[in-house]
Amino acid sequence: MDDVSTIVQIHLDAFKGFFLTSLGPQFLRFYYTCFIRSKETVTMVAEEDSVIYGFSASTKECKGFNSRLIKSNFFDFVILSLKMLFTTPQSLLRLVRNLTKKGEGVEDNEDYAELYSIGVSKTAQGKGVGKLLLAESEHVMKDEGVQKVSLTTDYDNNDQAVGFYHSMGYETLYEFVTYPNRKMYRLIKTL
């Protein structure tokens with residue numbers, strides 16, 4: 001199994017019930033392949049004996065990243081969007097409405113890097129893999145001149161993840177609501 005397939009499987013297992021997961025393996029394969037190909041991202045896997053136990057996907061510059069990612073993969077994105085239009089039009093609408101991860105009335109210049117996803121396989125949870133991935137991603141970004149990194153995470157029923165990020169030095173920047181009605185935190189850390 002190649003790295004992208006393993007990343008997709010870890011994502012599916014780690015993020016049950018999340019919107020991106022609901023878009024299915026084909027979308028996730030496309031999404032993470034775009035991240036890996038992009039020169040604007042830091043994408044990592046944690047592996048031992050050729051077994052991948054976790055991954056992280058970040059961009060070094062948040063502002064305008066989704067637009068640039070779509071433009072650089074335009075043809076593939078159009079094909080995937082057409083499939084979604086005919087199979088799950090509500091998902092396509094939600095995806096488009098949430099391209100920027102900030103709520104109405106929130107002023108945010110997006111002058112930071114962004115951790116888009118970090119996932120650890122069930123067999124490796126609680127063993128420090130997420131901490132290692134996050135610390136190494138931050139280290140690489142800092143070496144490349146990034147001064148701040150941000151992420152979004154769910155507000156409700158998410159104490160463990162929020163506690164993890166706070167333990168890693170992240171602070172709450174603001175709370176917001178994404179379409180259709182999902183309350184989120186934007187967390188930030190100075191590197």
# chains A, B, ... in the order shown; residues from 1 in each chain; ligands from 1

call {"tool": "residues_around", "arguments": {"residues": "stretch 4-8 of chain A", "least_positions_apart": "5", "cutoff": "10 Å", "atoms": "only C-alpha atoms", "output": "list of chain:residue names"}}
result
A:Asp13, A:Ala14, A:Thr21, A:Gly24, A:Pro25, A:Gln26, A:Phe27, A:Leu28, A:Arg29, A:Phe30, A:Tyr31, A:Tyr32, A:Thr33, A:Ile36, A:Met44, A:Val45, A:Val51, A:Ile52, A:Tyr53, A:Gly54, A:Phe55, A:Ser56, A:Ile118, A:Gly119, A:Val120, A:Ser121

call {"tool": "atom_distance", "arguments": {"atom1": "atom CA of A:Asn157", "atom2": "atom CA of A:Gly130"}}
result
19.2 Å

call {"tool": "closest_residue", "arguments": {"among": "A:Asp2, A:Gly126, A:Phe65, A:Asn73", "to": "A:Gln160", "atoms": "only C-alpha atoms"}}
result
A:Gly126

call {"tool": "closest_residue", "arguments": {"among": "A:Asn66, A:Ile10, A:Tyr174, A:Leu191", "to": "A:Glu144", "atoms": "only C-alpha atoms"}}
result
A:Leu191

call {"tool": "select_by_dssp", "arguments": {"residues": "chain A", "states": "alpha helix (DSSP H)", "output": "JSON, numbers by chain"}}
result
{"A": [3, 4, 5, 6, 7, 8, 9, 10, 11, 12, 13, 14, 19, 20, 21, 22, 24, 25, 26, 27, 28, 29, 30, 31, 32, 33, 34, 35, 36, 37, 65, 66, 67, 68, 69, 70, 71, 72, 74, 75, 76, 77, 78, 79, 80, 81, 82, 83, 84, 85, 86, 87, 89, 90, 91, 92, 93, 94, 95, 96, 97, 129, 130, 131, 132, 133, 134, 135, 136, 137, 138, 139, 140, 141, 142, 143, 159, 160, 161, 162, 163, 164, 165, 166, 167]}

call {"tool": "residues_around", "arguments": {"residues": "A:Tyr116", "least_positions_apart": "5", "cutoff": "12 Å", "atoms": "only C-alpha atoms", "output": "PyMOL selection string"}}
result
chain A and resi 11+20+31-32+35+41-43+55-62+65-66+99-101+134+137+149-153+186-187

call {"tool": "select_by_dssp", "arguments": {"residues": "stretch 17-50 of chain A", "states": "strand (DSSP E)", "output": "JSON, numbers by chain"}}
result
{"A": [41, 42, 43, 44, 45, 46, 47, 48]}

call {"tool": "write_last_selection", "arguments": {"atoms": "N, CA and C atoms", "output": "mmCIF file, in the first residue's frame"}}
result
data_model
loop_
_atom_site.group_PDB
_atom_site.id
_atom_site.type_symbol
_atom_site.label_atom_id
_atom_site.label_comp_id
_atom_site.auth_asym_id
_atom_site.auth_seq_id
_atom_site.Cartn_x
_atom_site.Cartn_y
_atom_site.Cartn_z
ATOM 1 N N THR A 41 3.756 23.035 1.173
ATOM 2 C CA THR A 41 3.291 22.250 2.319
ATOM 3 C C THR A 41 4.424 21.508 3.015
ATOM 4 N N VAL A 42 4.124 21.098 4.214
ATOM 5 C CA VAL A 42 4.980 20.188 4.969
ATOM 6 C C VAL A 42 4.084 18.997 5.300
ATOM 7 N N THR A 43 4.331 17.895 4.626
ATOM 8 C CA THR A 43 3.542 16.681 4.842
ATOM 9 C C THR A 43 4.496 15.596 5.331
ATOM 10 N N MET A 44 4.143 14.985 6.433
ATOM 11 C CA MET A 44 5.034 14.000 7.058
ATOM 12 C C MET A 44 4.282 12.732 7.434
ATOM 13 N N VAL A 45 5.042 11.657 7.525
ATOM 14 C CA VAL A 45 4.505 10.424 8.087
ATOM 15 C C VAL A 45 5.434 9.968 9.212
ATOM 16 N N ALA A 46 4.859 9.312 10.188
ATOM 17 C CA ALA A 46 5.634 8.661 11.248
ATOM 18 C C ALA A 46 5.580 7.179 10.947
ATOM 19 N N GLU A 47 6.750 6.588 10.773
ATOM 20 C CA GLU A 47 6.771 5.163 10.446
ATOM 21 C C GLU A 47 7.882 4.450 11.184
ATOM 22 N N GLU A 48 7.661 3.170 11.357
ATOM 23 C CA GLU A 48 8.661 2.300 11.962
ATOM 24 C C GLU A 48 8.580 0.967 11.246
#

call {"tool": "closest_residue", "arguments": {"among": "A:Glu40, A:Glu107, A:Asp154, A:Glu138", "to": "A:Lys189", "atoms": "only C-alpha atoms"}}
result
A:Glu138

call {"tool": "atom_distance", "arguments": {"atom1": "atom CA of A:Tyr185", "atom2": "atom CA of A:Tyr155"}}
result
5.7 Å

call {"tool": "residues_around", "arguments": {"residues": "A:Leu80", "least_positions_apart": "3", "cutoff": "10 Å", "atoms": "only C-alpha atoms", "output": "number ranges by chain"}}
result
A: 26-27, 30, 74-77, 83-85, 92

call {"tool": "closest_residue", "arguments": {"among": "A:Val140, A:Val78, A:Leu12, A:Ala113", "to": "A:Ile188", "atoms": "only C-alpha atoms"}}
result
A:Ala113
